[in-house]
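Quick look at final19.tsv (TSV, C-alpha atoms):
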```
chain	number	residue	atom	x	y	z
A	1	VAL	CA	0.00	0.00	0.00
A	2	VAL	CA	1.25	3.42	-0.47
A	3	HIS	CA	0.84	6.85	0.74
A	4	SER	CA	1.55	10.77	0.96
A	5	PHE	CA	5.35	14.06	-4.95
A	6	LEU	CA	7.94	15.77	-2.33
A	7	SER	CA	10.77	16.63	0.14
A	8	PHE	CA	14.44	16.16	0.93
A	9	SER	CA	16.02	16.16	4.27
A	10	SER	CA	18.32	13.27	4.96
A	11	CYS	CA	18.16	9.67	6.04
A	12	LEU	CA	16.92	11.03	9.38
A	13	THR	CA	13.56	12.38	8.20
A	14	MET	CA	11.20	9.90	6.63
A	15	PRO	CA	7.89	8.02	6.11
A	16	ARG	CA	6.21	4.37	6.08
A	17	ALA	CA	5.16	0.36	5.23
A	18	THR	CA	3.25	-3.27	6.14
A	19	ALA	CA	2.00	-6.57	4.76
A	20	GLY	CA	-0.28	-7.45	1.88
A	21	ARG	CA	-3.99	-7.20	1.55
A	22	SER	CA	-6.55	-7.12	-1.19
A	23	THR	CA	-6.07	-3.41	-1.63
A	24	SER	CA	-2.88	-1.85	-0.27
A	25	THR	CA	-2.31	0.64	2.49
A	26	VAL	CA	0.79	2.77	2.81
A	27	ARG	CA	1.38	5.27	5.50
A	28	ALA	CA	3.66	7.95	6.85
A	29	VAL	CA	5.18	6.63	10.05
A	30	LYS	CA	7.00	8.90	12.47
A	31	ARG	CA	10.35	7.64	13.64
A	32	LYS	CA	9.53	9.00	17.07
A	33	SER	CA	6.18	9.43	18.68
A	34	THR	CA	4.94	12.94	17.91
A	35	ALA	CA	1.63	14.68	18.33
A	36	PRO	CA	-0.69	14.81	15.29
A	37	GLY	CA	0.53	17.58	13.04
A	38	ALA	CA	4.18	17.42	14.04
A	39	GLU	CA	5.33	14.65	11.69
A	40	ALA	CA	8.95	15.41	12.41
A	41	ALA	CA	10.13	12.26	10.67
A	42	PRO	CA	7.39	10.58	8.60
A	43	GLN	CA	7.77	7.05	7.30
A	44	ALA	CA	5.89	4.88	4.83
A	45	LYS	CA	4.16	1.86	6.23
A	46	ARG	CA	2.01	-1.02	4.98
A	47	LYS	CA	-0.50	-2.88	7.06
A	48	ALA	CA	-2.43	-6.08	6.55
A	49	LYS	CA	-6.08	-5.32	6.05
A	50	SER	CA	-8.58	-7.36	8.03
A	51	SER	CA	-11.99	-8.46	6.80
A	52	ALA	CA	-13.51	-6.05	9.33
A	53	GLN	CA	-11.63	-3.18	7.73
A	54	SER	CA	-12.89	-4.32	4.35
A	55	LYS	CA	-16.43	-4.08	5.65
A	56	ASP	CA	-15.75	-0.59	6.94
A	57	ASP	CA	-14.49	0.42	3.51
A	58	ASP	CA	-17.65	-0.98	1.93
A	59	ALA	CA	-19.63	1.03	4.45
A	60	GLY	CA	-18.23	4.28	3.13
A	61	LEU	CA	-14.58	4.63	4.13
A	62	GLY	CA	-13.34	4.38	0.56
A	63	ASP	CA	-14.30	2.48	-2.58
A	64	ARG	CA	-11.16	1.30	-4.38
A	65	LYS	CA	-12.79	1.27	-7.81
A	66	LEU	CA	-12.05	4.24	-10.02
A	67	SER	CA	-14.83	6.03	-11.82
A	68	ARG	CA	-14.65	6.27	-15.59
A	69	ALA	CA	-13.85	9.97	-15.23
A	70	GLU	CA	-10.97	9.25	-12.84
A	71	SER	CA	-9.61	6.50	-15.07
A	72	GLY	CA	-9.80	8.78	-18.08
A	73	LYS	CA	-7.95	11.59	-16.32
A	74	ALA	CA	-5.22	9.25	-15.12
A	75	ALA	CA	-4.78	7.73	-18.56
A	76	ALA	CA	-4.58	11.15	-20.20
A	77	ALA	CA	-2.00	12.35	-17.70
A	78	SER	CA	0.07	9.21	-18.14
A	79	ALA	CA	0.00	9.55	-21.91
A	80	SER	CA	1.14	13.16	-21.71
A	81	GLY	CA	3.86	12.30	-19.19
A	82	GLY	CA	2.67	14.83	-16.63
A	83	SER	CA	-0.09	15.84	-14.24
A	84	SER	CA	-3.53	16.70	-15.51
A	85	ASN	CA	-3.37	20.09	-13.76
A	86	GLY	CA	0.41	20.68	-13.85
A	87	GLN	CA	0.87	19.98	-10.11
A	88	CYS	CA	3.30	17.30	-8.98
A	89	TRP	CA	4.16	15.76	-5.62
A	90	LEU	CA	6.75	13.83	-3.64
A	91	PHE	CA	5.84	10.88	-1.40
A	92	LYS	CA	8.36	9.56	1.14
A	93	SER	CA	8.52	5.90	2.10
A	94	GLU	CA	11.00	3.55	3.76
A	95	PRO	CA	12.48	0.77	1.59
A	96	GLU	CA	14.28	-1.01	4.43
A	97	THR	CA	12.99	-3.04	7.35
A	98	ARG	CA	12.23	-1.11	10.51
A	99	ILE	CA	9.88	-2.31	13.24
A	100	GLU	CA	7.32	0.20	14.47
A	101	ASN	CA	4.95	-0.96	17.23
A	102	GLY	CA	5.60	-4.56	16.27
A	103	VAL	CA	5.04	-3.96	12.54
A	104	ASP	CA	7.64	-3.82	9.78
A	105	VAL	CA	7.17	-0.41	8.15
A	106	LYS	CA	9.20	-1.33	5.07
A	107	PHE	CA	7.56	-0.23	1.81
A	108	GLY	CA	9.82	0.56	-1.10
A	109	ILE	CA	9.14	1.01	-4.77
A	110	ASN	CA	9.62	-2.73	-5.35
A	111	ASP	CA	6.83	-3.39	-2.84
A	112	LEU	CA	4.51	-1.06	-4.70
A	113	ALA	CA	5.38	-2.86	-7.93
A	114	LYS	CA	4.11	-6.13	-6.39
A	115	GLU	CA	0.73	-4.70	-5.40
A	116	PRO	CA	-2.39	-5.54	-7.46
A	117	ASN	CA	-2.39	-3.14	-10.43
A	118	GLN	CA	0.77	-1.71	-8.82
A	119	THR	CA	-1.60	0.48	-6.80
A	120	ALA	CA	-1.86	1.25	-3.07
A	121	HIS	CA	-3.45	3.81	-0.80
A	122	TRP	CA	-1.19	6.27	0.95
A	123	ASP	CA	-2.47	6.09	4.51
A	124	GLY	CA	-1.09	6.96	7.92
A	125	VAL	CA	-0.25	10.61	7.25
A	126	ARG	CA	-0.69	12.48	10.52
A	127	ASN	CA	0.53	15.94	9.63
A	128	TYR	CA	-2.16	18.52	8.88
A	129	GLN	CA	-0.32	20.25	6.05
A	130	ALA	CA	0.47	16.95	4.32
A	131	ARG	CA	-3.13	15.85	4.89
A	132	ASN	CA	-4.43	19.04	3.31
A	133	PHE	CA	-2.32	18.40	0.23
A	134	MET	CA	-3.96	14.99	-0.19
A	135	ARG	CA	-7.48	15.98	0.84
A	136	ASP	CA	-7.78	19.35	-0.90
A	137	GLN	CA	-5.24	19.60	-3.70
A	138	MET	CA	-4.33	16.24	-5.21
A	139	LYS	CA	-6.21	15.36	-8.37
A	140	VAL	CA	-6.49	12.19	-10.41
A	141	GLY	CA	-3.63	12.23	-12.90
A	142	ASP	CA	-1.23	14.22	-10.72
A	143	MET	CA	2.26	12.80	-11.00
A	144	GLY	CA	4.67	12.34	-8.14
A	145	PHE	CA	8.01	10.98	-7.07
A	146	PHE	CA	8.35	7.86	-4.95
A	147	TYR	CA	11.11	8.89	-2.56
A	148	HIS	CA	13.13	6.39	-0.53
A	149	SER	CA	13.81	7.78	2.95
A	150	ASN	CA	15.45	6.69	6.19
A	151	CYS	CA	17.96	4.63	4.24
A	152	LYS	CA	21.41	4.91	2.69
A	153	PRO	CA	21.30	6.56	0.34
A	154	PRO	CA	17.91	8.30	0.38
A	155	GLY	CA	16.64	9.64	-2.93
A	156	VAL	CA	14.10	9.57	-5.75
A	157	ALA	CA	13.42	6.02	-6.93
A	158	GLY	CA	10.51	6.33	-9.31
A	159	ILE	CA	7.33	7.97	-10.53
A	160	VAL	CA	3.76	7.40	-9.36
A	161	ARG	CA	0.47	8.99	-10.24
A	162	VAL	CA	-2.64	9.73	-8.20
A	163	VAL	CA	-5.47	7.44	-9.31
A	164	LYS	CA	-8.00	8.19	-6.55
A	165	GLU	CA	-8.50	11.57	-4.89
A	166	GLY	CA	-8.59	12.18	-1.15
A	167	TYR	CA	-10.89	10.03	0.98
A	168	VAL	CA	-11.10	8.97	4.62
A	169	ASP	CA	-8.06	7.11	5.97
A	170	HIS	CA	-9.57	4.13	7.84
A	171	THR	CA	-6.40	3.48	9.88
A	172	GLN	CA	-7.21	6.39	12.18
A	173	PHE	CA	-10.08	4.29	13.62
A	174	ASP	CA	-8.12	1.05	14.00
A	175	HIS	CA	-7.05	0.53	17.62
A	176	ALA	CA	-4.42	-1.98	16.51
A	177	ASP	CA	-2.89	0.40	14.01
A	178	ALA	CA	0.23	2.45	14.75
A	179	HIS	CA	-1.61	5.52	13.47
A	180	PHE	CA	-4.79	5.11	15.49
A	181	ASP	CA	-6.11	8.51	16.54
A	182	PRO	CA	-8.44	8.32	19.56
A	183	LYS	CA	-9.60	11.89	18.97
A	184	SER	CA	-10.79	11.24	15.43
A	185	LYS	CA	-14.45	10.29	14.98
A	186	LYS	CA	-16.06	8.49	12.06
A	187	ASP	CA	-18.59	11.30	11.67
A	188	GLU	CA	-15.76	13.85	11.86
A	189	PRO	CA	-12.63	12.16	10.46
A	190	ARG	CA	-9.35	14.02	10.74
A	191	TRP	CA	-7.18	12.11	8.29
A	192	TYR	CA	-7.38	11.42	4.57
A	193	MET	CA	-5.43	9.45	1.99
A	194	VAL	CA	-5.15	9.02	-1.78
A	195	ASP	CA	-4.47	6.02	-4.01
A	196	VAL	CA	-1.28	6.03	-6.07
A	197	GLN	CA	-0.14	3.78	-8.89
A	198	LEU	CA	3.40	3.05	-10.03
A	199	VAL	CA	4.20	4.61	-13.40
A	200	ARG	CA	7.82	3.45	-13.61
A	201	LYS	CA	11.11	3.30	-11.80
A	202	LEU	CA	13.58	5.99	-12.77
A	203	LYS	CA	16.27	4.86	-15.19
A	204	ARG	CA	18.76	6.09	-12.61
A	205	PHE	CA	18.17	6.49	-8.87
A	206	VAL	CA	18.70	10.17	-7.99
A	207	PRO	CA	20.29	10.38	-4.51
A	208	LEU	CA	19.61	13.13	-2.00
A	209	ASN	CA	23.21	14.35	-1.92
A	210	GLU	CA	23.15	14.97	-5.68
A	211	LEU	CA	19.89	16.88	-5.42
A	212	LYS	CA	21.22	18.88	-2.49
A	213	SER	CA	24.30	19.91	-4.45
A	214	ILE	CA	22.15	21.08	-7.37
A	215	TYR	CA	19.71	22.81	-5.01
A	216	GLN	CA	22.53	24.80	-3.41
A	217	GLU	CA	23.84	25.80	-6.82
A	218	HIS	CA	20.38	26.77	-8.08
A	219	ALA	CA	19.55	28.67	-4.88
A	220	GLY	CA	22.29	31.09	-5.84
A	221	SER	CA	21.77	31.13	-9.58
A	222	GLY	CA	17.98	30.93	-9.75
A	223	GLY	CA	17.85	27.46	-11.33
A	224	PRO	CA	14.75	25.21	-11.38
A	225	LEU	CA	15.51	23.56	-8.03
A	226	ALA	CA	16.10	26.84	-6.19
A	227	LYS	CA	12.98	26.40	-4.03
A	228	LEU	CA	12.62	22.63	-3.98
A	229	ALA	CA	10.38	21.68	-1.02
A	230	LEU	CA	12.58	18.70	-0.25
A	231	PHE	CA	14.98	21.21	1.28
A	232	THR	CA	12.66	24.06	2.27
A	233	SER	CA	10.00	21.79	3.87
A	234	ALA	CA	12.14	18.73	4.42
A	235	ARG	CA	10.20	17.26	7.33
A	236	LEU	CA	6.96	16.72	5.41
A	237	SER	CA	6.36	13.18	4.16
A	238	VAL	CA	4.14	14.49	1.35
A	239	GLN	CA	5.31	17.61	-0.49
A	240	PRO	CA	4.36	19.65	-3.55
A	241	VAL	CA	6.73	19.69	-6.51
A	242	LYS	CA	6.54	22.26	-9.27
A	243	LYS	CA	6.26	20.97	-12.82
A	244	GLU	CA	9.63	22.49	-13.78
A	245	GLU	CA	11.26	20.81	-10.75
A	246	PHE	CA	9.65	17.50	-11.64
A	247	ASP	CA	10.77	17.68	-15.26
A	248	PHE	CA	14.31	18.67	-14.27
A	249	ILE	CA	14.70	15.72	-11.89
A	250	VAL	CA	13.25	13.26	-14.42
A	251	GLN	CA	15.71	14.54	-17.03
A	252	LEU	CA	18.49	14.24	-14.48
A	253	SER	CA	17.67	10.55	-14.08
A	254	GLU	CA	17.79	9.76	-17.80
```
Can you turn what I pasted into structure tokens?
Amino acid sequence: VVHSFLSFSSCLTMPRATAGRSTSTVRAVKRKSTAPGAEAAPQAKRKAKSSAQSKDDDAGLGDRKLSRAESGKAAAASASGGSSNGQCWLFKSEPETRIENGVDVKFGINDLAKEPNQTAHWDGVRNYQARNFMRDQMKVGDMGFFYHSNCKPPGVAGIVRVVKEGYVDHTQFDHADAHFDPKSKKDEPRWYMVDVQLVRKLKRFVPLNELKSIYQEHAGSGGPLAKLALFTSARLSVQPVKKEEFDFIVQLSE
């Protein structure tokens, strides 16, 4: 399952991962326990989905099927090689094993590739700004980077696209989940997620240190990465990426 195009920090700031289920779940996992909204070091995390959770989804917490309109938008964006509205994103996730509350939070790009239709939902985000990006701004067809974090080396591993817009993240109601939020109510949910699908792995992994070097150069010269959120908002597990930044990094990987 996957979750939350963009941000650079270092191996010390990252997001999410857990085991298989009929429809995936990825999430931003904090390396240390922090209050909702802090998300100092988000991580990607997958979690096995129980039959009870499946019933909850059927009851209104998120239909996995895409509408014809959503499928059409995603296909058009994929064909054009960019987002339907020009907005891109960066999603952080952990590709290496790390146990969080008894669960392995590992979820790398190879894990996403093994999911049904190479699609997963990006759950577990517990930062309000990152949540707002997913709930209010992400659109079907938006492209994003799958970023490997909390590993050596961290960096951009591939490209994903949003295939389902923001809907209620069921993990906030699951007492057994690492991201259970006792203050969130089903009639007033706090947290949302989106579904993302793997487009492709980059031809060349683009490491953080290379991006940082270019960012520092561009910050002085006014290049396309001069304001890259990976360095200006590094602690967010889900970050916006401008189209020119996205294109530059993709070209860098070729």
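Straight-line separation from CA of Trp89 (chain A) to CA of Phe145 (chain A): 6.3 Å.
Taking CA of Thr119 (chain A) as the reference point, CA of Arg204 (chain A) is found at 21.9 Å.
For the pair CA of Ala176 (chain A) and CA of Val125 (chain A), the interatomic distance is 16.2 Å.
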Legend entry - Counting all atoms listed in the file, the residue of A:Val206, A:Leu236, A:Ala120, A:Leu228 that sits nearest Pro153 (chain A): A:Val206
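Here the question is which of A:Leu211, A:Val194, A:Ala229, A:Met138 gets nearest to Val168 (chain A) using all atoms listed in the file, and that residue is A:Val194.
Proximity to Asn132 (chain A) was assessed for A:Pro207, A:Gly166, A:Pro95, A:Pro182 counting only C-alpha atoms; the smallest distance is recorded for A:Gly166.
Distances from A:Asn101, A:Asn127, A:Ser149, A:Gln239 to Leu208 (chain A) were compared using all atoms listed in the file, and the smallest one belongs to A:Ser149.
Of the listed residues (A:Gly220, A:Pro240, A:Gly86, A:Pro154), A:Gly86 comes nearest to Asp142 (chain A); the distances count all atoms listed in the file.
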